[in-house]
Every structure is written in C-alpha cells, then in structure tokens.
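*Asks:* Below are the structure tokens for one structure; questions will follow.
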Amino acid sequence: MNRKLRYDMIGGGRGAFSADPEKSATSGADLFLAPSRVYGTYVEMARAEAARPVADRLDFVVIVTPNHQHFGPAQTFLEAGFHVVCDKPVTLDLAQARTLRDLVHGSGKIFALTHNYTGNALGTPVTTRPALTGRPSIPGALG
C-alpha cells in the first residue's frame, strides 16, 4: 500500500464525532471533511463506508466514546468488515468482551485496544490485583 491510511473516529470532543448529528456536521466542517463522510450515527457510518468501493472506504475506525458505548460500535464495525482501534476498557462486562473476541477471531480483522494513560507523566498508573491482595497497587512498588 502506497497511500495514507483512512480512518474515522466515533466520539471525541465535540464530536463521527457526536451522538448529535448536528454537532457531528459542525465538527466535520471544522476539520474540512467532505460532508458525505460525516455521519449522524455509527451505524450509518458503518453501512455507508462498507458500501464504498474498497479503494475509497475506511481502513479502520477509532472508538473514543464514553466507556459504556464501546461495545456497539466495535461489534458493528467488525461485522461490517473493518479493523477497529478502541480506547480502554474494551467493554463493561466479560460477556461482551467474549463476543468481540469471537468476532475478531472469525473476521480476521485487527482489534487494537489502547491504554492511552499508561505513560501519563501526571501520575503513576494504578492497577488492581484483587485476586492477590484486594488492594490497588502501584507498578514497581514493593508489597
């Protein structure tokens, strides 16, 4: 491939961008996007992009919605044949995570899960080890 990758975003800022189609259109105009590539819903985006010729369609979608809204778009785009980059958490429950795992395995598509605060200079990342101690732990700390 000798071209830039094409992607679109679900969520993020004023926000395909927002759950409000009018805000999405405004954000698209701010970014000089073609109006035909700014969508009112992620379902509309998945259908429209899947219908485009392969040479013109998105390569992947980035999901940066609030946490409780990750599963629907991820499932929709995997089922439509797109690679997905999703901000953490992948889902809010194990059943949804297993559904996405099965979709990824069946589709052959890439599902990338980002952890964008892993190297945040404002603080040390905190992880939990409830099976071991029941208390949060700071990576690298003893105890």
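We label chains A, B, ... in the order they appear in the structure tokens, count residues from 1 in each chain, and number ligands from 1 in the order shown.
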Identify, on the basis of only C-alpha atoms, every residue whose closest approach to A:Val85 does not exceed 9 Å; exclude the query and any residue fewer than 6 positions from it along the same chain; express the result as a list in words.

*Replies:*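 Here the qualifying residues turn out to be Phe60, Val61, Val62, Ile63, Val64, Ala74, Ile110, Phe111, Ala112, Leu113 and Thr114 of chain A.
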
*Asks:* Run DSSP on the backbone and give me the residues of stretch 10-129 of chain A it puts in strand (DSSP E), as a list in words.

*Replies:*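 So the strand (DSSP E) residues in stretch 10-129 of chain A would be Ile10, Gly11, Phe60, Val61, Val62, Ile63, Val64, His83, Val84, Val85, Cys86, Asp87, Phe111, Ala112, Leu113, Thr114, Thr127 and Thr128 of chain A.
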
*Asks:* So that I can check the surroundings of stretch 26-43 of chain A, please list as a PyMOL selection string every protein, DNA and RNA residue that reaches within 7 Å of it, counting only C-alpha atoms and ignoring chain neighbours fewer than 2 positions away.

*Replies:* chain A and resi 10+14-16+19-24+45-47+73+76

*Asks:* Would you kindly return, as a list in words, each protein, DNA or RNA residue with an atom no farther than 10 Å from any atom of A:His70, considering only C-alpha atoms and excluding same-chain residues fewer than 6 positions away?

*Replies:*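 Once the adjacent positions are removed, what remains is Ile10, Gly11, Ile63, Val64, Cys86, Asp87, Lys88, Pro89, Val90, Thr91, Leu92 and Gln96 of chain A.
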
*Asks:* Rounded to one decimal, what separation in Å do you get between atom CA of A:Tyr7 and atom CA of A:Leu58?

*Replies:*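 Separation of atom CA of A:Tyr7 and atom CA of A:Leu58: 5.2 Å.
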
*Asks:* Can you tell me, as a PyMOL selection string, which residues in stretch 5-79 of chain A count as helix (DSSP H, G or I) by DSSP?

*Replies:* chain A and resi 21-30+35-37+42-51+67-69+71-79

*Asks:* Using only C-alpha atoms, which residue out of A:Leu5, A:Val84, A:Ala25, A:Leu78 lies closest to A:Ala55?

*Replies:* A:Leu5
